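Engineer: Below you'll find final11.txt; it's compact mmCIF, C-alpha atoms.
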```
# COMPACT_ATOMS: atom_id res chain seq x y z
CA MET A 13 -7.56 -15.88 40.15
CA ALA A 14 -4.50 -16.30 37.96
CA LYS A 15 -2.56 -13.16 37.28
CA LYS A 16 -2.84 -11.99 33.68
CA THR A 17 -1.08 -9.46 31.52
CA LEU A 18 -3.44 -7.36 29.44
CA THR A 19 -2.69 -4.58 26.98
CA PHE A 20 -4.98 -1.69 26.17
CA LEU A 21 -4.63 0.93 23.49
CA MET A 22 -6.41 4.19 24.23
CA MET A 23 -6.84 6.90 21.65
CA ASP A 24 -9.24 9.58 22.90
CA ALA A 25 -8.22 12.96 24.25
CA PRO A 26 -9.37 13.82 27.78
CA PHE A 27 -12.80 15.42 28.26
CA GLU A 28 -14.02 14.33 24.82
CA SER A 29 -15.50 10.85 24.89
CA PRO A 30 -17.24 8.33 27.17
CA ARG A 31 -14.60 5.85 26.01
CA THR A 32 -12.12 7.48 28.38
CA ALA A 33 -14.18 6.78 31.49
CA THR A 34 -15.00 3.26 30.31
CA ALA A 35 -11.33 2.55 29.71
CA PHE A 36 -10.51 3.76 33.22
CA ARG A 37 -13.30 1.56 34.60
CA LEU A 38 -11.66 -1.42 32.89
CA LEU A 39 -8.26 -0.47 34.33
CA GLU A 40 -9.80 -0.18 37.79
CA ILE A 41 -11.11 -3.76 37.53
CA CYS A 42 -7.70 -4.99 36.37
CA ALA A 43 -6.03 -3.22 39.28
CA GLU A 44 -8.47 -4.79 41.72
CA ARG A 45 -7.63 -8.22 40.29
CA GLY A 46 -3.88 -7.70 40.61
CA HIS A 47 -3.18 -7.99 36.89
CA ASP A 48 -0.27 -6.46 35.03
CA VAL A 49 -1.54 -3.98 32.49
CA ASN A 50 0.11 -2.12 29.66
CA VAL A 51 -1.47 1.00 28.22
CA PHE A 52 -0.30 2.41 24.92
CA ALA A 53 -1.69 5.92 24.59
CA TYR A 54 -2.05 6.92 20.97
CA GLU A 55 -3.19 10.19 19.43
CA GLY A 56 -5.17 12.39 21.86
CA ALA A 57 -4.91 9.91 24.73
CA VAL A 58 -1.32 11.02 25.30
CA ALA A 59 -2.78 14.08 27.06
CA LEU A 60 -4.45 11.93 29.72
CA PRO A 61 -1.39 11.98 32.03
CA PHE A 62 -0.41 15.58 31.14
CA SER A 63 0.81 17.09 34.40
CA LYS A 64 -0.47 20.63 33.81
CA GLN A 65 -4.16 19.74 33.95
CA LYS A 66 -5.84 21.96 36.55
CA PRO A 67 -9.17 21.69 38.38
CA HIS A 68 -11.61 24.57 38.11
CA ALA A 69 -14.55 26.05 39.92
CA ASN A 70 -17.98 25.68 38.35
CA ALA A 71 -20.35 28.63 38.65
CA VAL A 72 -23.15 26.70 36.95
CA HIS A 73 -22.97 24.17 39.78
CA GLY A 74 -22.51 26.95 42.37
CA HIS A 75 -19.23 25.36 43.44
CA ASP A 76 -15.85 26.88 44.15
CA VAL A 77 -12.80 24.90 43.09
CA ASP A 78 -12.71 22.83 46.28
CA GLU A 79 -16.42 22.04 46.26
CA GLU A 80 -16.36 21.08 42.58
CA GLU A 81 -13.64 18.44 43.08
CA HIS A 82 -13.19 18.40 39.34
CA PRO A 83 -11.73 15.09 38.20
CA LEU A 84 -8.50 15.17 36.24
CA PRO A 85 -7.39 12.17 34.17
CA LYS A 86 -3.79 12.65 35.28
CA ASP A 87 -4.97 12.01 38.87
CA TRP A 88 -6.86 8.91 37.76
CA VAL A 89 -3.69 7.62 36.12
CA ALA A 90 -1.61 8.36 39.24
CA GLY A 91 -4.24 6.78 41.47
CA LEU A 92 -4.31 3.67 39.33
CA GLN A 93 -0.52 3.42 39.35
CA ASN A 94 -0.73 3.26 43.13
CA LYS A 95 -3.66 0.89 43.21
CA PHE A 96 -2.01 -1.57 40.82
CA ALA A 97 1.09 -1.56 43.04
CA ASP A 98 -0.99 -2.01 46.21
CA LYS A 99 -2.81 -4.99 44.71
CA GLY A 100 0.32 -6.74 43.46
CA GLY A 101 0.07 -5.79 39.83
CA LYS A 102 1.63 -3.05 37.78
CA LEU A 103 0.52 -0.43 35.30
CA GLU A 104 2.94 0.36 32.51
CA TRP A 105 1.84 3.42 30.55
CA THR A 106 3.62 4.49 27.39
CA ASN A 107 2.71 7.54 25.35
CA CYS A 108 3.25 7.58 21.61
CA GLY A 109 6.17 9.98 21.36
CA LEU A 110 5.25 11.58 18.04
CA CYS A 111 1.69 12.13 19.29
CA VAL A 112 3.09 13.86 22.39
CA ASP A 113 5.36 16.14 20.39
CA GLU A 114 2.74 17.36 17.94
CA ARG A 115 0.42 18.21 20.84
CA GLY A 116 3.06 19.73 23.10
CA VAL A 117 2.05 17.59 26.08
CA GLY A 118 5.45 16.24 27.00
CA GLU A 119 5.18 17.15 30.66
CA ALA A 120 3.59 14.00 31.99
CA ILE A 121 3.22 12.81 35.57
CA ASP A 122 5.87 10.45 36.94
CA GLY A 123 6.03 6.93 35.61
CA ILE A 124 4.86 7.63 32.07
CA GLY A 125 7.03 6.26 29.28
CA ARG A 126 7.56 7.41 25.72
CA GLY A 127 7.52 4.95 22.87
CA THR A 128 6.40 3.90 19.42
CA PRO A 129 3.71 1.67 17.92
CA GLY A 130 6.37 -1.03 17.90
CA ASP A 131 6.18 -1.02 21.69
CA HIS A 132 2.43 -1.56 21.49
CA TRP A 133 2.96 -4.51 19.16
CA LYS A 134 5.60 -6.07 21.43
CA TRP A 135 3.30 -5.67 24.42
CA ALA A 136 0.40 -7.24 22.51
CA GLU A 137 2.53 -10.19 21.48
CA SER A 138 3.62 -10.87 25.04
CA SER A 139 0.22 -10.28 26.68
CA ASP A 140 -2.60 -12.69 27.38
CA ASN A 141 -4.95 -10.41 25.50
CA THR A 142 -5.28 -6.94 24.01
CA LEU A 143 -8.14 -4.50 23.59
CA VAL A 144 -7.82 -1.58 21.19
CA ILE A 145 -10.27 1.21 22.01
CA GLY A 146 -10.20 3.29 18.87
CA THR A 147 -11.56 6.78 18.41
CA LYS A 148 -14.87 6.93 16.57
CA MET B 2 -14.91 -22.64 17.71
CA ALA B 3 -13.57 -19.31 18.89
CA LYS B 4 -14.90 -17.03 21.58
CA TYR B 5 -15.73 -13.49 20.45
CA LEU B 6 -16.51 -10.47 22.57
CA LEU B 7 -17.98 -7.70 20.44
CA ILE B 8 -18.23 -4.51 22.48
CA GLU B 9 -20.74 -2.05 21.04
CA SER B 10 -20.34 1.46 22.43
CA ARG B 11 -22.50 3.18 19.84
CA ASP B 12 -26.18 3.09 19.00
CA PRO B 13 -28.11 2.60 15.75
CA PHE B 14 -29.87 5.97 16.15
CA ASP B 15 -26.59 7.78 15.64
CA ALA B 16 -24.37 5.42 13.68
CA ALA B 17 -25.38 3.30 10.72
CA GLU B 18 -22.36 1.08 11.28
CA VAL B 19 -23.92 -0.32 14.46
CA GLY B 20 -26.40 -2.42 12.47
CA ASN B 21 -23.52 -3.80 10.44
CA HIS B 22 -21.71 -4.73 13.65
CA TYR B 23 -24.82 -6.59 14.84
CA GLU B 24 -24.71 -8.44 11.52
CA VAL B 25 -21.08 -9.40 12.12
CA ALA B 26 -22.12 -10.84 15.49
CA GLU B 27 -24.80 -12.91 13.79
CA THR B 28 -22.39 -14.07 11.09
CA LEU B 29 -19.78 -15.14 13.62
CA LYS B 30 -22.44 -17.05 15.56
CA LYS B 31 -23.73 -18.80 12.45
CA ALA B 32 -20.15 -19.88 11.74
CA GLY B 33 -20.21 -21.79 15.01
CA ASN B 34 -18.45 -19.37 17.32
CA GLU B 35 -19.39 -18.38 20.86
CA VAL B 36 -20.36 -14.71 20.59
CA THR B 37 -21.12 -12.11 23.22
CA LEU B 38 -22.38 -8.69 22.19
CA PHE B 39 -21.65 -6.37 25.11
CA LEU B 40 -23.45 -3.03 25.01
CA VAL B 41 -21.82 -0.09 26.77
CA GLU B 42 -22.12 3.72 26.79
CA ASN B 43 -24.76 4.80 24.22
CA GLY B 44 -24.66 1.25 22.96
CA VAL B 45 -27.25 0.45 25.66
CA LEU B 46 -29.85 2.91 24.32
CA PRO B 47 -31.47 0.33 21.99
CA ALA B 48 -31.68 -2.10 24.92
CA ARG B 49 -34.76 -0.26 26.17
CA LYS B 50 -37.93 -1.92 24.81
CA SER B 51 -38.53 -0.15 21.53
CA PRO B 52 -38.57 -0.90 17.79
CA ALA B 53 -34.76 -0.66 17.93
CA SER B 54 -34.50 -3.35 20.59
CA GLU B 55 -36.16 -5.92 18.34
CA ARG B 56 -32.90 -6.46 16.47
CA LEU B 57 -31.09 -7.22 19.73
CA THR B 58 -33.82 -9.61 20.85
CA ALA B 59 -33.52 -11.37 17.50
CA LEU B 60 -29.77 -11.67 17.93
CA SER B 61 -30.33 -13.23 21.33
CA LYS B 62 -32.73 -15.74 19.81
CA ALA B 63 -30.09 -16.54 17.21
CA GLY B 64 -27.73 -17.58 19.99
CA VAL B 65 -25.70 -14.42 20.53
CA THR B 66 -25.34 -13.56 24.22
CA VAL B 67 -26.48 -9.93 24.46
CA LEU B 68 -25.46 -8.09 27.61
CA ALA B 69 -25.83 -4.45 28.61
CA ASP B 70 -23.45 -2.71 31.00
CA ALA B 71 -25.31 -2.07 34.25
CA PHE B 72 -23.68 1.30 34.87
CA SER B 73 -24.43 2.56 31.36
CA LEU B 74 -28.08 1.54 31.83
CA LYS B 75 -28.25 3.25 35.23
CA GLU B 76 -26.55 6.38 33.90
CA ARG B 77 -29.29 6.62 31.24
CA GLY B 78 -32.18 5.81 33.57
CA ILE B 79 -32.97 2.47 31.96
CA GLY B 80 -34.29 0.22 34.72
CA ASP B 81 -34.24 -3.56 34.63
CA GLY B 82 -37.95 -3.60 33.85
CA SER B 83 -37.38 -1.52 30.75
CA VAL B 84 -34.78 -3.77 29.18
CA ALA B 85 -36.02 -5.77 26.21
CA GLU B 86 -36.35 -9.53 26.12
CA GLY B 87 -33.15 -11.44 25.54
CA ILE B 88 -30.83 -8.72 26.86
CA GLY B 89 -29.11 -9.39 30.15
CA THR B 90 -27.61 -6.79 32.43
CA SER B 91 -24.02 -7.24 33.42
CA PRO B 92 -21.23 -5.46 35.26
CA LEU B 93 -18.25 -4.30 33.21
CA GLU B 94 -16.25 -7.07 34.90
CA THR B 95 -17.62 -9.35 32.18
CA VAL B 96 -15.31 -7.65 29.67
CA ILE B 97 -12.26 -8.42 31.79
CA ASP B 98 -13.53 -11.95 32.46
CA GLN B 99 -13.63 -12.56 28.72
CA LEU B 100 -10.26 -10.93 28.07
CA GLU B 101 -8.83 -13.22 30.74
CA ALA B 102 -10.46 -16.18 29.00
CA GLY B 103 -8.81 -15.29 25.70
CA ALA B 104 -11.84 -14.02 23.79
CA LYS B 105 -11.15 -12.10 20.61
CA ALA B 106 -12.27 -8.71 21.82
CA VAL B 107 -13.43 -6.09 19.35
CA TRP B 108 -14.31 -2.58 20.51
CA HIS B 109 -16.80 -0.85 18.24
CA MET C 25 0.29 -13.76 16.46
CA LYS C 26 -1.68 -12.37 13.52
CA VAL C 27 -3.98 -9.38 13.98
CA LEU C 28 -6.76 -8.11 11.73
CA GLN C 29 -6.83 -4.33 11.63
CA VAL C 30 -10.45 -3.38 10.96
CA ILE C 31 -10.37 0.22 9.79
CA GLU C 32 -13.78 1.89 9.84
CA THR C 33 -13.42 5.49 11.01
CA ALA C 34 -12.38 7.62 8.06
CA TYR C 35 -11.29 11.17 7.30
CA ARG C 36 -11.24 12.11 11.01
CA CYS C 37 -7.95 14.00 11.44
CA ASN C 38 -6.17 13.19 8.19
CA LEU C 39 -5.65 16.79 7.11
CA GLU C 40 -3.78 17.59 10.32
CA GLU C 41 -1.91 14.31 10.57
CA GLN C 42 -1.14 14.05 6.85
CA ASP C 43 -2.30 10.44 7.01
CA ASP C 44 -4.91 8.27 8.66
CA PRO C 45 -3.75 7.23 12.15
CA ALA C 46 -5.04 3.67 11.78
CA VAL C 47 -3.35 3.19 8.42
CA TRP C 48 -0.21 4.84 9.78
CA ILE C 49 0.02 2.64 12.88
CA THR C 50 -0.47 -0.40 10.65
CA HIS C 51 2.62 0.61 8.68
CA ALA C 52 4.53 1.38 11.88
CA MET C 53 3.71 -1.96 13.52
CA LYS C 54 4.51 -3.82 10.29
CA GLY C 55 7.90 -2.14 10.40
CA ALA C 56 8.32 -3.49 13.93
CA GLY C 57 7.66 -7.03 12.74
CA ALA C 58 3.91 -7.33 13.17
CA ASP C 59 1.91 -9.87 11.22
CA LEU C 60 -1.20 -7.99 10.13
CA GLY C 61 -4.19 -8.12 7.84
CA VAL C 62 -6.40 -5.14 7.05
CA LEU C 63 -10.14 -4.89 6.51
CA LEU C 64 -11.57 -1.61 5.20
CA THR C 65 -15.18 -1.27 6.28
CA GLY C 66 -17.78 1.46 6.67
CA ASN C 67 -16.66 4.82 5.35
CA ALA C 68 -13.07 3.60 5.23
CA VAL C 69 -13.86 1.59 2.10
CA ASN C 70 -13.36 4.95 0.41
CA TYR C 71 -9.69 4.76 1.40
CA ALA C 72 -9.16 2.39 -1.53
CA VAL C 73 -10.49 4.88 -4.09
CA LYS C 74 -7.77 5.96 -6.50
CA ALA C 75 -9.08 9.46 -7.15
CA GLN C 76 -8.68 10.84 -3.62
CA ASP C 77 -6.97 14.24 -3.66
CA ALA C 78 -6.53 16.30 -0.49
CA SER C 79 -4.14 18.84 -1.94
CA GLY C 80 -4.63 22.58 -2.19
CA LEU C 81 -5.18 23.75 1.37
CA SER C 82 -3.49 26.65 3.08
CA PHE C 83 -4.28 28.42 6.33
CA GLY C 84 -3.15 32.00 6.87
CA GLY C 85 -0.47 31.57 4.27
CA LYS C 86 0.77 28.25 5.69
CA VAL C 87 0.51 25.88 2.77
CA GLN C 88 -0.06 22.23 3.52
CA ALA C 89 2.77 20.99 1.38
CA GLN C 90 2.41 17.31 2.25
CA PRO C 91 -1.30 16.53 2.16
CA PRO C 92 -2.49 13.05 3.03
CA ASN C 93 -2.43 10.52 0.23
CA ILE C 94 -4.47 7.69 1.61
CA ALA C 95 -4.74 5.68 -1.62
CA ARG C 96 -0.93 5.67 -1.80
CA ASP C 97 -0.68 4.62 1.86
CA VAL C 98 -3.14 1.76 1.38
CA ALA C 99 -1.35 0.64 -1.79
CA LYS C 100 1.90 0.56 0.19
CA LEU C 101 0.29 -1.82 2.67
CA VAL C 102 -0.42 -4.16 -0.24
CA ASP C 103 3.16 -3.68 -1.49
CA LYS C 104 4.45 -4.73 1.94
CA GLY C 105 2.59 -8.03 1.67
CA ILE C 106 -0.31 -7.13 3.92
CA GLU C 107 -3.56 -8.63 2.72
CA VAL C 108 -6.08 -5.79 2.42
CA HIS C 109 -9.78 -6.64 2.19
CA LEU C 110 -12.66 -4.28 1.57
CA VAL C 111 -16.30 -4.91 2.53
CA SER C 112 -17.99 -4.96 -0.86
CA ASP C 113 -21.45 -4.28 0.63
CA ASP C 114 -20.14 -0.98 2.02
CA ALA C 115 -18.47 -0.03 -1.25
CA ALA C 116 -21.67 -0.76 -3.18
CA ALA C 117 -23.75 1.24 -0.70
CA ARG C 118 -21.50 4.23 -1.41
CA GLY C 119 -21.62 3.84 -5.18
CA ILE C 120 -18.00 2.77 -5.45
CA GLU C 121 -17.23 0.64 -8.49
CA SER C 122 -14.40 -1.88 -8.62
CA SER C 123 -12.80 0.23 -11.36
CA ASP C 124 -12.54 3.09 -8.83
CA LEU C 125 -10.23 1.08 -6.59
CA ILE C 126 -6.48 0.72 -6.33
CA GLU C 127 -4.94 -2.60 -7.33
CA GLY C 128 -4.59 -5.42 -4.87
CA VAL C 129 -7.50 -4.77 -2.53
CA LYS C 130 -9.72 -7.83 -2.19
CA PRO C 131 -13.51 -7.51 -1.95
CA ILE C 132 -15.32 -9.53 0.69
CA THR C 133 -18.97 -9.52 1.72
CA ARG C 134 -20.00 -8.95 5.32
CA ARG C 135 -21.47 -12.44 5.37
CA GLU C 136 -18.00 -13.83 4.57
CA LEU C 137 -16.26 -12.04 7.43
CA ALA C 138 -16.40 -14.94 9.89
CA ALA C 139 -13.70 -16.82 8.02
CA LEU C 140 -11.51 -13.71 7.87
CA TYR C 141 -11.95 -13.06 11.61
CA ASP C 142 -11.25 -16.71 12.37
CA ALA C 143 -8.01 -16.55 10.39
CA HIS C 144 -6.62 -13.97 12.81
CA ASP C 145 -5.71 -14.34 16.48
CA GLN C 146 -7.02 -10.91 17.41
CA VAL C 147 -9.26 -8.32 15.77
CA TRP C 148 -8.64 -4.62 16.46
CA ASN C 149 -11.24 -2.12 15.31
CA TRP C 150 -10.17 1.44 14.53
```
Written as structure tokens, how would this file's structure read?
Structural biologist:
Amino acid sequence: MAKKTLTFLMMDAPFESPRTATAFRLLEICAERGHDVNVFAYEGAVALPFSKQKPHANAVHGHDVDEEEHPLPKDWVAGLQNKFADKGGKLEWTNCGLCVDERGVGEAIDGIGRGTPGDHWKWAESSDNTLVIGTK
Amino acid sequence: MAKYLLIESRDPFDAAEVGNHYEVAETLKKAGNEVTLFLVENGVLPARKSPASERLTALSKAGVTVLADAFSLKERGIGDGSVAEGIGTSPLETVIDQLEAGAKAVWH
Amino acid sequence: MKVLQVIETAYRCNLEEQDDPAVWITHAMKGAGADLGVLLTGNAVNYAVKAQDASGLSFGGKVQAQPPNIARDVAKLVDKGIEVHLVSDDAAARGIESSDLIEGVKPITRRELAALYDAHDQVWNW
């Protein structure tokens, strides 16, 4: 399969919408196929790689913190960064800088860039295709 | 003729705009385009045989390829036998296949 | 590459952001050289209504001094040479008359959208 470059724009904050999980499912497929992928995180999606996310126990499930294995989007992002690299592709993730500042989520995991909508446009122009997953 | 991938993540029970998006799919098809309507998340709820599924079956008969994400169906307990006529089940890989093929992809 | 920005979601976080994020990013990308068209559909057809007024809010003594002015922001898209269409079916369904609208926004029926979509390389829905 020919290597492709695809750009995604994500917009939803973590733990709010099924669009987040679907977007990560799409990224997982791209990683498996060895594609190069750009993600421009806009609005609430800039909190997805926020490094201070913490897992919690869940008394309703009867689980302590280890048993609950609560998923954190920042770990999904980090895992995907590694998987893309392992499969011969790459994941470039840029957070909208203004969106980061107004939310106070500047402490991102390693490998997360800061940029502007102009970066999204440049990525889209140079990619084979782009999917914008807007908040509804 | 262009290739369109319309991804519908919402359902007509909750969002009036979904019916309008179905209409866009039909309009694009009538204009001679190749159109796939890919249902995902709650977008698969009207895929279960019901009065709501009739619109999707009609779209299929009009030449729109209507597919429902297999995981979203499974997550909602909609088995293959419950899916209405004209709606295929598909893995999410179809979305990436079509992005690779250069389809104009619209998330709704 | 020319992209059609289909703006449908409306009045989601405008009072906090002081604008609509989809309209705002359209301006920002245009500033970066993007070739864009805009289609207002669904509730966002109301973004072309002249009489919008979001002023007058304050929270605990913090006055929102710069409320969103969406009609102004849409008019500026037109001023920048971006073709802005509005789905006339959606405007009619909401009781919006053509006299309610800012200048320069072009009505289009949903049945006519295929040609508009075909005239753009990509279609991004917001």
Engineer: Write out as CSV a residue-level contact list of chain A versus chain B with cut-off 8 Å: for each qualifying residue the closest pair of atoms and the distance in Å to one decimal, counting all atoms listed in the file, rows sorted by chain and residue number upward.
Structural biologist:
```
residue,atom,partner,partner_atom,distance
A:Lys16,CA,B:Glu101,CA,6.8
A:Leu18,CA,B:Leu100,CA,7.8
A:Pro30,CA,B:Glu42,CA,6.7
A:Arg31,CA,B:Glu42,CA,7.9
A:Thr34,CA,B:Glu42,CA,8.0
A:Arg37,CA,B:Leu93,CA,7.8
A:Leu38,CA,B:Ile97,CA,7.1
A:Ile41,CA,B:Glu94,CA,6.7
A:Cys42,CA,B:Ile97,CA,7.3
A:Asp140,CA,B:Gly103,CA,6.9
A:Asn141,CA,B:Leu100,CA,5.9
A:Thr142,CA,B:Ala106,CA,7.5
A:Leu143,CA,B:Ala106,CA,6.2
A:Val144,CA,B:Trp108,CA,6.6
A:Ile145,CA,B:Trp108,CA,5.7
A:Gly146,CA,B:Trp108,CA,7.4
```
Engineer: Which residues of chain C are close to chain B, meaning at most 7 Å apart when you count only C-alpha atoms, and how do they look as a list in words?
Structural biologist: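 Every residue of chain C that passes the 7 Å test is in Gly66, Arg134, Arg135, Ala138, Gln146, Val147, Trp148 and Asn149 of chain C.
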Engineer: Find the residue from C:Lys54, C:Gly84, C:Leu39, C:Arg96 that sits nearest to chain A; use only C-alpha atoms when measuring.
Structural biologist: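 The answer is C:Lys54, which sits nearest to chain A.
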Engineer: Counting all atoms listed in the file, which residues of chain A fall within 10 Å of chain C, and what is the closest atom pair for each with its distance in Å at one decimal, ordered by chain and rising number, as CSV?
Structural biologist:
```
residue,atom,partner,partner_atom,distance
A:Leu21,CA,C:Trp148,CA,9.8
A:Met23,CA,C:Trp150,CA,9.6
A:Tyr54,CA,C:Pro45,CA,9.0
A:Glu55,CA,C:Pro45,CA,7.9
A:Cys111,CA,C:Glu41,CA,9.7
A:Glu114,CA,C:Glu41,CA,9.2
A:Thr128,CA,C:Ala52,CA,8.2
A:Pro129,CA,C:Met53,CA,5.7
A:Gly130,CA,C:Ala56,CA,5.1
A:Asp131,CA,C:Ala56,CA,8.4
A:His132,CA,C:Met53,CA,8.1
A:Trp133,CA,C:Met53,CA,6.2
A:Lys134,CA,C:Ala56,CA,8.4
A:Ala136,CA,C:Met25,CA,8.9
A:Glu137,CA,C:Met25,CA,6.6
A:Ser138,CA,C:Met25,CA,9.6
A:Asn141,CA,C:Gln146,CA,8.4
A:Thr142,CA,C:Gln146,CA,7.9
A:Leu143,CA,C:Trp148,CA,7.1
A:Val144,CA,C:Trp148,CA,5.7
A:Ile145,CA,C:Trp150,CA,7.5
A:Gly146,CA,C:Trp150,CA,4.7
A:Thr147,CA,C:Trp150,CA,6.7
A:Lys148,CA,C:Thr33,CA,5.9
```
Engineer: How about saving the chosen residues, C-alpha atoms kept, as a compact mmCIF listing (two decimals), keeping the file's coordinate frame?
Structural biologist:
```txt
# COMPACT_ATOMS: atom_id res chain seq x y z
CA LEU A 21 -4.63 0.93 23.49
CA MET A 23 -6.84 6.90 21.65
CA TYR A 54 -2.05 6.92 20.97
CA GLU A 55 -3.19 10.19 19.43
CA CYS A 111 1.69 12.13 19.29
CA GLU A 114 2.74 17.36 17.94
CA THR A 128 6.40 3.90 19.42
CA PRO A 129 3.71 1.67 17.92
CA GLY A 130 6.37 -1.03 17.90
CA ASP A 131 6.18 -1.02 21.69
CA HIS A 132 2.43 -1.56 21.49
CA TRP A 133 2.96 -4.51 19.16
CA LYS A 134 5.60 -6.07 21.43
CA ALA A 136 0.40 -7.24 22.51
CA GLU A 137 2.53 -10.19 21.48
CA SER A 138 3.62 -10.87 25.04
CA ASN A 141 -4.95 -10.41 25.50
CA THR A 142 -5.28 -6.94 24.01
CA LEU A 143 -8.14 -4.50 23.59
CA VAL A 144 -7.82 -1.58 21.19
CA ILE A 145 -10.27 1.21 22.01
CA GLY A 146 -10.20 3.29 18.87
CA THR A 147 -11.56 6.78 18.41
CA LYS A 148 -14.87 6.93 16.57
```
Engineer: Residues proximal to (-26.8, 1.5, 22.7) were defined as those with any atom within 12 Å of that point in the file's coordinates, counting all atoms listed in the file. Which are they, as a PyMOL selection string?
Structural biologist: chain B and resi 8-16+19-20+23+38-51+53-54+56-57+67-70+73-74+77+79+84+88+109
Engineer: Expressed in Å to a single decimal, how great is the separation between atom CA of C:Asp114 and atom CA of C:Thr133?
Structural biologist: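 Taking atom CA of C:Asp114 and atom CA of C:Thr133, their separation equals 8.6 Å.
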Engineer: Would you mind listing what lies within 10 Å of A:Lys102 as a ChimeraX atom specification, with all atoms listed in the file counted and same-chain residues fewer than 6 positions away left out?
Structural biologist: /A:17,42-43,46-50,92-96
Engineer: Quote the spacing between atom CA of A:Gly101 and atom CA of A:Trp135 in Å to one decimal place.
Structural biologist: 15.7 Å
Engineer: Between atom CA of C:Pro92 and atom CA of C:Cys37, what is the spacing in Å?
Structural biologist: 10.1 Å
Engineer: I want to know what sits within 9 Å of C:Asp103, based on all atoms listed in the file, with residues of the same chain fewer than 4 positions away left out; could you give that as a ChimeraX atom specification?
Structural biologist: /C:98-99,128
Engineer: Missing atoms in stretch 51-65 of chain B: fill them in up to N, CA and C atoms and send the result as a PDB file, in the frame of the given file.
Structural biologist:
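Result file is rebuild.pdb:
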```
ATOM      1  N   SER B  51     -38.227  -1.135  22.572  1.00  0.00           N
ATOM      2  CA  SER B  51     -38.530  -0.150  21.530  1.00  0.00           C
ATOM      3  C   SER B  51     -38.405  -0.883  20.188  1.00  0.00           C
ATOM      4  N   PRO B  52     -38.814  -0.241  19.100  1.00  0.00           N
ATOM      5  CA  PRO B  52     -38.570  -0.900  17.790  1.00  0.00           C
ATOM      6  C   PRO B  52     -37.096  -1.235  17.599  1.00  0.00           C
ATOM      7  N   ALA B  53     -36.196  -0.414  18.124  1.00  0.00           N
ATOM      8  CA  ALA B  53     -34.760  -0.660  17.930  1.00  0.00           C
ATOM      9  C   ALA B  53     -34.283  -1.893  18.691  1.00  0.00           C
ATOM     10  N   SER B  54     -34.953  -2.214  19.790  1.00  0.00           N
ATOM     11  CA  SER B  54     -34.500  -3.350  20.590  1.00  0.00           C
ATOM     12  C   SER B  54     -34.828  -4.695  19.931  1.00  0.00           C
ATOM     13  N   GLU B  55     -35.740  -4.654  18.957  1.00  0.00           N
ATOM     14  CA  GLU B  55     -36.160  -5.920  18.340  1.00  0.00           C
ATOM     15  C   GLU B  55     -34.982  -6.635  17.678  1.00  0.00           C
ATOM     16  N   ARG B  56     -34.075  -5.860  17.123  1.00  0.00           N
ATOM     17  CA  ARG B  56     -32.900  -6.460  16.470  1.00  0.00           C
ATOM     18  C   ARG B  56     -32.027  -7.186  17.494  1.00  0.00           C
ATOM     19  N   LEU B  57     -31.907  -6.591  18.684  1.00  0.00           N
ATOM     20  CA  LEU B  57     -31.090  -7.220  19.730  1.00  0.00           C
ATOM     21  C   LEU B  57     -31.770  -8.481  20.259  1.00  0.00           C
ATOM     22  N   THR B  58     -33.082  -8.411  20.418  1.00  0.00           N
ATOM     23  CA  THR B  58     -33.820  -9.610  20.850  1.00  0.00           C
ATOM     24  C   THR B  58     -33.649 -10.730  19.825  1.00  0.00           C
ATOM     25  N   ALA B  59     -33.690 -10.355  18.558  1.00  0.00           N
ATOM     26  CA  ALA B  59     -33.520 -11.370  17.500  1.00  0.00           C
ATOM     27  C   ALA B  59     -32.117 -11.973  17.550  1.00  0.00           C
ATOM     28  N   LEU B  60     -31.137 -11.146  17.813  1.00  0.00           N
ATOM     29  CA  LEU B  60     -29.770 -11.670  17.930  1.00  0.00           C
ATOM     30  C   LEU B  60     -29.686 -12.671  19.075  1.00  0.00           C
ATOM     31  N   SER B  61     -30.328 -12.334  20.174  1.00  0.00           N
ATOM     32  CA  SER B  61     -30.330 -13.230  21.330  1.00  0.00           C
ATOM     33  C   SER B  61     -30.966 -14.570  20.950  1.00  0.00           C
ATOM     34  N   LYS B  62     -32.066 -14.498  20.224  1.00  0.00           N
ATOM     35  CA  LYS B  62     -32.730 -15.740  19.810  1.00  0.00           C
ATOM     36  C   LYS B  62     -31.878 -16.543  18.840  1.00  0.00           C
ATOM     37  N   ALA B  63     -30.983 -15.849  18.147  1.00  0.00           N
ATOM     38  CA  ALA B  63     -30.090 -16.540  17.210  1.00  0.00           C
ATOM     39  C   ALA B  63     -28.874 -17.142  17.914  1.00  0.00           C
ATOM     40  N   GLY B  64     -28.806 -16.937  19.240  1.00  0.00           N
ATOM     41  CA  GLY B  64     -27.730 -17.580  19.990  1.00  0.00           C
ATOM     42  C   GLY B  64     -26.601 -16.664  20.424  1.00  0.00           C
ATOM     43  N   VAL B  65     -26.702 -15.382  20.064  1.00  0.00           N
ATOM     44  CA  VAL B  65     -25.700 -14.420  20.530  1.00  0.00           C
ATOM     45  C   VAL B  65     -26.070 -14.012  21.963  1.00  0.00           C
TER      46      VAL B  65
END
```
